[in-house]
>>> print(open('input_16.cif').read())   # mmCIF, N, CA and C atoms
data_coords
loop_
_atom_site.group_PDB
_atom_site.id
_atom_site.type_symbol
_atom_site.label_atom_id
_atom_site.label_comp_id
_atom_site.auth_asym_id
_atom_site.auth_seq_id
_atom_site.Cartn_x
_atom_site.Cartn_y
_atom_site.Cartn_z
ATOM 1 N N MET M 53 -164.113 66.681 101.711
ATOM 2 C CA MET M 53 -163.083 66.718 100.690
ATOM 3 C C MET M 53 -161.875 65.925 101.203
ATOM 4 N N ALA M 54 -161.492 64.925 100.460
ATOM 5 C CA ALA M 54 -160.340 64.112 100.841
ATOM 6 C C ALA M 54 -159.047 64.800 100.408
ATOM 7 N N LEU M 55 -158.067 64.710 101.262
ATOM 8 C CA LEU M 55 -156.758 65.278 100.947
ATOM 9 C C LEU M 55 -155.823 64.174 100.473
ATOM 10 N N SER M 56 -154.877 64.526 99.660
ATOM 11 C CA SER M 56 -153.910 63.551 99.169
ATOM 12 C C SER M 56 -152.502 63.998 99.551
ATOM 13 N N ALA M 57 -151.724 63.047 100.049
ATOM 14 C CA ALA M 57 -150.340 63.341 100.417
ATOM 15 C C ALA M 57 -149.408 63.131 99.233
ATOM 16 N N GLY M 58 -149.962 62.673 98.115
ATOM 17 C CA GLY M 58 -149.132 62.448 96.943
ATOM 18 C C GLY M 58 -148.329 61.160 97.012
ATOM 19 N N ILE M 59 -148.652 60.294 97.986
ATOM 20 C CA ILE M 59 -147.965 59.008 98.128
ATOM 21 C C ILE M 59 -148.993 58.009 98.646
ATOM 22 N N SER M 60 -148.904 56.787 98.159
ATOM 23 C CA SER M 60 -149.835 55.760 98.614
ATOM 24 C C SER M 60 -149.443 55.272 100.011
ATOM 25 N N ARG M 61 -150.363 54.578 100.652
ATOM 26 C CA ARG M 61 -150.063 54.022 101.969
ATOM 27 C C ARG M 61 -148.906 53.035 101.853
ATOM 28 N N ASP M 62 -148.948 52.192 100.816
ATOM 29 C CA ASP M 62 -147.869 51.221 100.619
ATOM 30 C C ASP M 62 -146.527 51.919 100.356
ATOM 31 N N GLY M 63 -146.568 52.987 99.576
ATOM 32 C CA GLY M 63 -145.345 53.741 99.309
ATOM 33 C C GLY M 63 -144.783 54.375 100.563
ATOM 34 N N ALA M 64 -145.677 54.893 101.409
ATOM 35 C CA ALA M 64 -145.242 55.497 102.671
ATOM 36 C C ALA M 64 -144.635 54.435 103.585
ATOM 37 N N TRP M 65 -145.250 53.253 103.586
ATOM 38 C CA TRP M 65 -144.735 52.168 104.428
ATOM 39 C C TRP M 65 -143.336 51.745 103.971
ATOM 40 N N GLU M 66 -143.145 51.625 102.668
ATOM 41 C CA GLU M 66 -141.826 51.260 102.140
ATOM 42 C C GLU M 66 -140.780 52.319 102.479
ATOM 43 N N LEU M 67 -141.176 53.575 102.388
ATOM 44 C CA LEU M 67 -140.261 54.667 102.738
ATOM 45 C C LEU M 67 -139.900 54.618 104.219
ATOM 46 N N LEU M 68 -140.905 54.350 105.062
ATOM 47 C CA LEU M 68 -140.648 54.236 106.497
ATOM 48 C C LEU M 68 -139.678 53.087 106.772
ATOM 49 N N LYS M 69 -139.906 51.936 106.136
ATOM 50 C CA LYS M 69 -139.023 50.777 106.351
ATOM 51 C C LYS M 69 -137.612 51.009 105.812
ATOM 52 N N LYS M 70 -137.501 51.851 104.778
ATOM 53 C CA LYS M 70 -136.187 52.131 104.212
ATOM 54 C C LYS M 70 -135.280 52.827 105.229
ATOM 55 N N TYR M 71 -135.854 53.715 106.031
ATOM 56 C CA TYR M 71 -135.050 54.507 106.970
ATOM 57 C C TYR M 71 -135.199 54.068 108.424
ATOM 58 N N ASN M 72 -136.164 53.194 108.716
ATOM 59 C CA ASN M 72 -136.400 52.750 110.092
ATOM 60 C C ASN M 72 -136.651 51.251 110.109
ATOM 61 N N SER M 73 -135.670 50.488 110.503
ATOM 62 C CA SER M 73 -135.848 49.038 110.557
ATOM 63 C C SER M 73 -136.237 48.559 111.956
ATOM 64 N N ASP M 74 -136.129 49.432 112.940
ATOM 65 C CA ASP M 74 -136.448 49.066 114.310
ATOM 66 C C ASP M 74 -137.957 48.829 114.451
ATOM 67 N N PRO M 75 -138.359 47.696 115.041
ATOM 68 C CA PRO M 75 -139.786 47.397 115.197
ATOM 69 C C PRO M 75 -140.558 48.491 115.939
ATOM 70 N N PHE M 76 -139.909 49.136 116.901
ATOM 71 C CA PHE M 76 -140.583 50.214 117.633
ATOM 72 C C PHE M 76 -141.030 51.317 116.692
ATOM 73 N N HIS M 77 -140.148 51.734 115.791
ATOM 74 C CA HIS M 77 -140.470 52.820 114.882
ATOM 75 C C HIS M 77 -141.545 52.415 113.874
ATOM 76 N N LEU M 78 -141.517 51.166 113.440
ATOM 77 C CA LEU M 78 -142.548 50.690 112.515
ATOM 78 C C LEU M 78 -143.910 50.651 113.203
ATOM 79 N N GLU M 79 -143.929 50.175 114.438
ATOM 80 C CA GLU M 79 -145.188 50.154 115.192
ATOM 81 C C GLU M 79 -145.670 51.582 115.458
ATOM 82 N N HIS M 80 -144.746 52.458 115.768
ATOM 83 C CA HIS M 80 -145.097 53.853 116.013
ATOM 84 C C HIS M 80 -145.725 54.469 114.761
ATOM 85 N N GLY M 81 -145.188 54.141 113.586
ATOM 86 C CA GLY M 81 -145.765 54.635 112.340
ATOM 87 C C GLY M 81 -147.200 54.177 112.160
ATOM 88 N N GLU M 82 -147.476 52.923 112.502
ATOM 89 C CA GLU M 82 -148.846 52.412 112.407
ATOM 90 C C GLU M 82 -149.768 53.119 113.403
ATOM 91 N N ILE M 83 -149.263 53.371 114.591
ATOM 92 C CA ILE M 83 -150.065 54.049 115.616
ATOM 93 C C ILE M 83 -150.385 55.482 115.178
ATOM 94 N N VAL M 84 -149.394 56.158 114.625
ATOM 95 C CA VAL M 84 -149.615 57.528 114.147
ATOM 96 C C VAL M 84 -150.662 57.529 113.032
ATOM 97 N N GLU M 85 -150.589 56.547 112.137
ATOM 98 C CA GLU M 85 -151.576 56.445 111.054
ATOM 99 C C GLU M 85 -152.987 56.277 111.622
ATOM 100 N N GLN M 86 -153.127 55.402 112.609
ATOM 101 C CA GLN M 86 -154.439 55.174 113.215
ATOM 102 C C GLN M 86 -154.957 56.429 113.912
ATOM 103 N N CYS M 87 -154.084 57.105 114.636
ATOM 104 C CA CYS M 87 -154.485 58.341 115.328
ATOM 105 C C CYS M 87 -154.923 59.405 114.336
ATOM 106 N N ALA M 88 -154.173 59.553 113.258
ATOM 107 C CA ALA M 88 -154.525 60.552 112.249
ATOM 108 C C ALA M 88 -155.884 60.236 111.641
ATOM 109 N N GLY M 89 -156.158 58.956 111.420
ATOM 110 C CA GLY M 89 -157.462 58.566 110.883
ATOM 111 C C GLY M 89 -158.599 58.918 111.834
ATOM 112 N N HIS M 90 -158.388 58.672 113.122
ATOM 113 C CA HIS M 90 -159.419 58.991 114.117
ATOM 114 C C HIS M 90 -159.614 60.499 114.234
ATOM 115 N N ILE M 91 -158.535 61.240 114.203
ATOM 116 C CA ILE M 91 -158.640 62.702 114.263
ATOM 117 C C ILE M 91 -159.430 63.218 113.063
ATOM 118 N N GLY M 92 -159.162 62.659 111.891
ATOM 119 C CA GLY M 92 -159.905 63.056 110.701
ATOM 120 C C GLY M 92 -161.399 62.811 110.844
ATOM 121 N N LYS M 93 -161.761 61.669 111.433
ATOM 122 C CA LYS M 93 -163.179 61.368 111.649
ATOM 123 C C LYS M 93 -163.813 62.352 112.630
ATOM 124 N N VAL M 94 -163.095 62.691 113.688
ATOM 125 C CA VAL M 94 -163.615 63.639 114.678
ATOM 126 C C VAL M 94 -163.808 65.015 114.046
ATOM 127 N N VAL M 95 -162.846 65.461 113.268
ATOM 128 C CA VAL M 95 -162.959 66.766 112.601
ATOM 129 C C VAL M 95 -164.165 66.768 111.678
ATOM 130 N N PHE M 96 -164.367 65.692 110.931
ATOM 131 C CA PHE M 96 -165.517 65.589 110.038
ATOM 132 C C PHE M 96 -166.821 65.699 110.825
ATOM 133 N N LEU M 97 -166.916 64.992 111.956
ATOM 134 C CA LEU M 97 -168.133 65.029 112.770
ATOM 135 C C LEU M 97 -168.370 66.409 113.373
ATOM 136 N N VAL M 98 -167.314 67.054 113.840
ATOM 137 C CA VAL M 98 -167.457 68.404 114.407
ATOM 138 C C VAL M 98 -167.951 69.376 113.334
ATOM 139 N N GLU M 99 -167.396 69.280 112.137
ATOM 140 C CA GLU M 99 -167.854 70.152 111.040
ATOM 141 C C GLU M 99 -169.320 69.902 110.733
ATOM 142 N N ALA M 100 -169.731 68.631 110.707
ATOM 143 C CA ALA M 100 -171.135 68.303 110.430
ATOM 144 C C ALA M 100 -172.044 68.853 111.529
ATOM 145 N N LEU M 101 -171.627 68.733 112.784
ATOM 146 C CA LEU M 101 -172.428 69.261 113.890
ATOM 147 C C LEU M 101 -172.533 70.781 113.827
ATOM 148 N N CYS M 102 -171.445 71.453 113.474
ATOM 149 C CA CYS M 102 -171.471 72.911 113.371
ATOM 150 C C CYS M 102 -172.406 73.356 112.255
ATOM 151 N N LYS M 103 -172.389 72.665 111.136
ATOM 152 C CA LYS M 103 -173.299 72.997 110.036
ATOM 153 C C LYS M 103 -174.744 72.810 110.464
ATOM 154 N N ALA M 104 -175.025 71.700 111.165
ATOM 155 C CA ALA M 104 -176.378 71.439 111.641
ATOM 156 C C ALA M 104 -176.810 72.509 112.643
ATOM 157 N N ARG M 105 -175.916 72.873 113.548
ATOM 158 C CA ARG M 105 -176.227 73.908 114.542
ATOM 159 C C ARG M 105 -176.521 75.237 113.857
ATOM 160 N N ASN M 106 -175.694 75.597 112.883
ATOM 161 C CA ASN M 106 -175.903 76.868 112.182
ATOM 162 C C ASN M 106 -177.222 76.866 111.422
ATOM 163 N N LYS M 107 -177.592 75.721 110.863
ATOM 164 C CA LYS M 107 -178.868 75.625 110.155
ATOM 165 C C LYS M 107 -180.028 75.827 111.128
ATOM 166 N N ILE M 108 -179.938 75.181 112.297
ATOM 167 C CA ILE M 108 -180.999 75.320 113.307
ATOM 168 C C ILE M 108 -181.083 76.763 113.785
ATOM 169 N N ILE M 109 -179.943 77.398 114.050
ATOM 170 C CA ILE M 109 -179.940 78.792 114.504
ATOM 171 C C ILE M 109 -180.545 79.691 113.439
ATOM 172 N N THR M 110 -180.174 79.473 112.187
ATOM 173 C CA THR M 110 -180.708 80.294 111.096
ATOM 174 C C THR M 110 -182.215 80.113 110.981
ATOM 175 N N GLU M 111 -182.683 78.876 111.017
ATOM 176 C CA GLU M 111 -184.121 78.619 110.910
ATOM 177 C C GLU M 111 -184.870 79.228 112.089
ATOM 178 N N HIS M 112 -184.317 79.102 113.281
ATOM 179 C CA HIS M 112 -184.954 79.664 114.477
ATOM 180 C C HIS M 112 -185.009 81.191 114.377
ATOM 181 N N THR M 113 -183.936 81.796 113.912
ATOM 182 C CA THR M 113 -183.893 83.253 113.763
ATOM 183 C C THR M 113 -184.938 83.719 112.754
ATOM 184 N N LEU M 114 -185.067 83.008 111.649
ATOM 185 C CA LEU M 114 -186.073 83.362 110.647
ATOM 186 C C LEU M 114 -187.483 83.261 111.216
ATOM 187 N N LEU M 115 -187.733 82.235 112.006
ATOM 188 C CA LEU M 115 -189.050 82.095 112.643
ATOM 189 C C LEU M 115 -189.329 83.255 113.603
ATOM 190 N N LEU M 116 -188.309 83.650 114.359
ATOM 191 C CA LEU M 116 -188.480 84.762 115.278
ATOM 192 C C LEU M 116 -188.736 86.061 114.541
ATOM 193 N N LEU M 117 -188.030 86.268 113.431
ATOM 194 C CA LEU M 117 -188.209 87.480 112.647
ATOM 195 C C LEU M 117 -189.594 87.543 112.011
ATOM 196 N N GLN M 118 -190.171 86.410 111.696
ATOM 197 C CA GLN M 118 -191.504 86.386 111.100
ATOM 198 C C GLN M 118 -192.554 86.812 112.121
ATOM 199 N N ARG M 119 -192.269 86.659 113.387
ATOM 200 C CA ARG M 119 -193.222 87.032 114.445
ATOM 201 C C ARG M 119 -193.224 88.534 114.699
ATOM 202 N N VAL M 120 -192.170 89.211 114.280
ATOM 203 C CA VAL M 120 -192.036 90.639 114.566
ATOM 204 C C VAL M 120 -192.890 91.455 113.619
#
>>> encode(input="input_16.cif", output="structure tokens")
Amino acid sequence: MALSAGISRDGAWELLKKYNSDPFHLEHGEIVEQCAGHIGKVVFLVEALCKARNKIITEHTLLLLQRV
């Protein structure tokens, strides 16, 4: 599920430039954006792995219960 901040990337960039003209702060904004994107990808992968693990555990448990 994608989340929305209620502002476009271009709108956020314009807002950042409105209050921060220093190149350091603009570069920092880009770095934060990239980090947030990578964190989002990692969270997505961890959730997918947890779902897969839970499916395997459930299937294994059902197989064990059938033997009893």
>>> closest_residue(input="input_16.cif", among="M:Ala104, M:Ile59, M:Ala64, M:Val98", to="M:Glu85", atoms="only C-alpha atoms")
M:Ala64
>>> residues_around(input="input_16.cif", residues="M:His77", least_positions_apart="6", cutoff="8 Å", atoms="all atoms listed in the file", output="JSON, numbers by chain")
{"M": [68, 69, 83]}
>>> atom_distance(input="input_16.cif", atom1="atom N of M:Glu82", atom2="atom N of M:Asp62")
11.8 Å
>>> atom_distance(input="input_16.cif", atom1="atom N of M:Glu66", atom2="atom C of M:Gly81")
10.6 Å
>>> atom_distance(input="input_16.cif", atom1="atom N of M:Leu116", atom2="atom CA of M:Leu101")
21.4 Å
>>> select_by_dssp(input="input_16.cif", residues="chain M", states="alpha helix (DSSP H)", output="MDAnalysis selection string")
chainID M and resid 61:71 75:119
>>> axis_aligned_box(input="input_16.cif", around="stretch 94-103 of chain M", padding_each_side="8 Å", output="AutoDock Vina command-line options")
--center_x -168.8 --center_y 68.0 --center_z 112.4 --size_x 27.9 --size_y 26.7 --size_z 20.6
>>> build_atoms(input="input_16.cif", residues="stretch 97-108 of chain M", atoms="all heavy atoms", output="PDB file, keeping the file's coordinate frame")
ATOM      1  N   LEU M  97    -166.916  64.992 111.956  1.00  0.00           N
ATOM      2  CA  LEU M  97    -168.133  65.029 112.770  1.00  0.00           C
ATOM      3  C   LEU M  97    -168.370  66.409 113.373  1.00  0.00           C
ATOM      4  O   LEU M  97    -169.509  66.890 113.419  1.00  0.00           O
ATOM      5  CB  LEU M  97    -168.067  63.971 113.872  1.00  0.00           C
ATOM      6  CG  LEU M  97    -168.132  62.525 113.390  1.00  0.00           C
ATOM      7  CD1 LEU M  97    -167.883  61.567 114.555  1.00  0.00           C
ATOM      8  CD2 LEU M  97    -169.473  62.234 112.750  1.00  0.00           C
ATOM      9  N   VAL M  98    -167.314  67.054 113.840  1.00  0.00           N
ATOM     10  CA  VAL M  98    -167.457  68.404 114.407  1.00  0.00           C
ATOM     11  C   VAL M  98    -167.951  69.376 113.334  1.00  0.00           C
ATOM     12  O   VAL M  98    -168.840  70.191 113.592  1.00  0.00           O
ATOM     13  CB  VAL M  98    -166.128  68.884 115.028  1.00  0.00           C
ATOM     14  CG1 VAL M  98    -166.169  70.365 115.350  1.00  0.00           C
ATOM     15  CG2 VAL M  98    -165.815  68.074 116.278  1.00  0.00           C
ATOM     16  N   GLU M  99    -167.396  69.280 112.137  1.00  0.00           N
ATOM     17  CA  GLU M  99    -167.854  70.152 111.040  1.00  0.00           C
ATOM     18  C   GLU M  99    -169.320  69.902 110.733  1.00  0.00           C
ATOM     19  O   GLU M  99    -170.087  70.843 110.522  1.00  0.00           O
ATOM     20  CB  GLU M  99    -167.003  69.935 109.794  1.00  0.00           C
ATOM     21  CG  GLU M  99    -165.612  70.509 109.904  1.00  0.00           C
ATOM     22  CD  GLU M  99    -164.755  70.220 108.684  1.00  0.00           C
ATOM     23  OE1 GLU M  99    -165.145  69.376 107.847  1.00  0.00           O
ATOM     24  OE2 GLU M  99    -163.688  70.834 108.563  1.00  0.00           O
ATOM     25  N   ALA M 100    -169.731  68.631 110.707  1.00  0.00           N
ATOM     26  CA  ALA M 100    -171.135  68.303 110.430  1.00  0.00           C
ATOM     27  C   ALA M 100    -172.044  68.853 111.529  1.00  0.00           C
ATOM     28  O   ALA M 100    -173.122  69.401 111.239  1.00  0.00           O
ATOM     29  CB  ALA M 100    -171.298  66.796 110.300  1.00  0.00           C
ATOM     30  N   LEU M 101    -171.627  68.733 112.784  1.00  0.00           N
ATOM     31  CA  LEU M 101    -172.428  69.261 113.890  1.00  0.00           C
ATOM     32  C   LEU M 101    -172.533  70.781 113.827  1.00  0.00           C
ATOM     33  O   LEU M 101    -173.602  71.355 114.095  1.00  0.00           O
ATOM     34  CB  LEU M 101    -171.834  68.828 115.232  1.00  0.00           C
ATOM     35  CG  LEU M 101    -172.038  67.367 115.598  1.00  0.00           C
ATOM     36  CD1 LEU M 101    -171.219  67.017 116.834  1.00  0.00           C
ATOM     37  CD2 LEU M 101    -173.499  67.065 115.820  1.00  0.00           C
ATOM     38  N   CYS M 102    -171.445  71.453 113.474  1.00  0.00           N
ATOM     39  CA  CYS M 102    -171.471  72.911 113.371  1.00  0.00           C
ATOM     40  C   CYS M 102    -172.406  73.356 112.255  1.00  0.00           C
ATOM     41  O   CYS M 102    -173.167  74.320 112.420  1.00  0.00           O
ATOM     42  CB  CYS M 102    -170.063  73.461 113.127  1.00  0.00           C
ATOM     43  SG  CYS M 102    -169.017  73.376 114.589  1.00  0.00           S
ATOM     44  N   LYS M 103    -172.389  72.665 111.136  1.00  0.00           N
ATOM     45  CA  LYS M 103    -173.299  72.997 110.036  1.00  0.00           C
ATOM     46  C   LYS M 103    -174.744  72.810 110.464  1.00  0.00           C
ATOM     47  O   LYS M 103    -175.600  73.645 110.172  1.00  0.00           O
ATOM     48  CB  LYS M 103    -172.984  72.144 108.806  1.00  0.00           C
ATOM     49  CG  LYS M 103    -171.722  72.555 108.099  1.00  0.00           C
ATOM     50  CD  LYS M 103    -171.452  71.652 106.900  1.00  0.00           C
ATOM     51  CE  LYS M 103    -170.124  72.007 106.247  1.00  0.00           C
ATOM     52  NZ  LYS M 103    -169.813  71.109 105.117  1.00  0.00           N
ATOM     53  N   ALA M 104    -175.025  71.700 111.165  1.00  0.00           N
ATOM     54  CA  ALA M 104    -176.378  71.439 111.641  1.00  0.00           C
ATOM     55  C   ALA M 104    -176.810  72.509 112.643  1.00  0.00           C
ATOM     56  O   ALA M 104    -177.935  73.014 112.582  1.00  0.00           O
ATOM     57  CB  ALA M 104    -176.462  70.051 112.270  1.00  0.00           C
ATOM     58  N   ARG M 105    -175.916  72.873 113.548  1.00  0.00           N
ATOM     59  CA  ARG M 105    -176.227  73.908 114.542  1.00  0.00           C
ATOM     60  C   ARG M 105    -176.521  75.237 113.857  1.00  0.00           C
ATOM     61  O   ARG M 105    -177.479  75.931 114.186  1.00  0.00           O
ATOM     62  CB  ARG M 105    -175.065  74.065 115.517  1.00  0.00           C
ATOM     63  CG  ARG M 105    -175.354  75.115 116.612  1.00  0.00           C
ATOM     64  CD  ARG M 105    -174.103  75.682 117.202  1.00  0.00           C
ATOM     65  NE  ARG M 105    -173.391  76.388 116.143  1.00  0.00           N
ATOM     66  CZ  ARG M 105    -172.098  76.645 116.168  1.00  0.00           C
ATOM     67  NH1 ARG M 105    -171.363  76.262 117.163  1.00  0.00           N
ATOM     68  NH2 ARG M 105    -171.525  77.302 115.187  1.00  0.00           N
ATOM     69  N   ASN M 106    -175.694  75.597 112.883  1.00  0.00           N
ATOM     70  CA  ASN M 106    -175.903  76.868 112.182  1.00  0.00           C
ATOM     71  C   ASN M 106    -177.222  76.866 111.422  1.00  0.00           C
ATOM     72  O   ASN M 106    -177.909  77.891 111.363  1.00  0.00           O
ATOM     73  CB  ASN M 106    -174.743  77.144 111.225  1.00  0.00           C
ATOM     74  CG  ASN M 106    -173.469  77.484 111.967  1.00  0.00           C
ATOM     75  OD1 ASN M 106    -173.511  77.873 113.137  1.00  0.00           O
ATOM     76  ND2 ASN M 106    -172.343  77.319 111.318  1.00  0.00           N
ATOM     77  N   LYS M 107    -177.592  75.721 110.863  1.00  0.00           N
ATOM     78  CA  LYS M 107    -178.868  75.625 110.155  1.00  0.00           C
ATOM     79  C   LYS M 107    -180.028  75.827 111.128  1.00  0.00           C
ATOM     80  O   LYS M 107    -180.976  76.548 110.845  1.00  0.00           O
ATOM     81  CB  LYS M 107    -178.983  74.269 109.460  1.00  0.00           C
ATOM     82  CG  LYS M 107    -180.256  74.108 108.677  1.00  0.00           C
ATOM     83  CD  LYS M 107    -180.328  72.763 107.980  1.00  0.00           C
ATOM     84  CE  LYS M 107    -181.652  72.651 107.248  1.00  0.00           C
ATOM     85  NZ  LYS M 107    -181.854  71.335 106.679  1.00  0.00           N
ATOM     86  N   ILE M 108    -179.938  75.181 112.297  1.00  0.00           N
ATOM     87  CA  ILE M 108    -180.999  75.320 113.307  1.00  0.00           C
ATOM     88  C   ILE M 108    -181.083  76.763 113.785  1.00  0.00           C
ATOM     89  O   ILE M 108    -182.177  77.327 113.911  1.00  0.00           O
ATOM     90  CB  ILE M 108    -180.741  74.362 114.486  1.00  0.00           C
ATOM     91  CG1 ILE M 108    -180.935  72.924 114.030  1.00  0.00           C
ATOM     92  CG2 ILE M 108    -181.641  74.693 115.669  1.00  0.00           C
ATOM     93  CD1 ILE M 108    -180.458  71.878 115.019  1.00  0.00           C
TER      94      ILE M 108
END
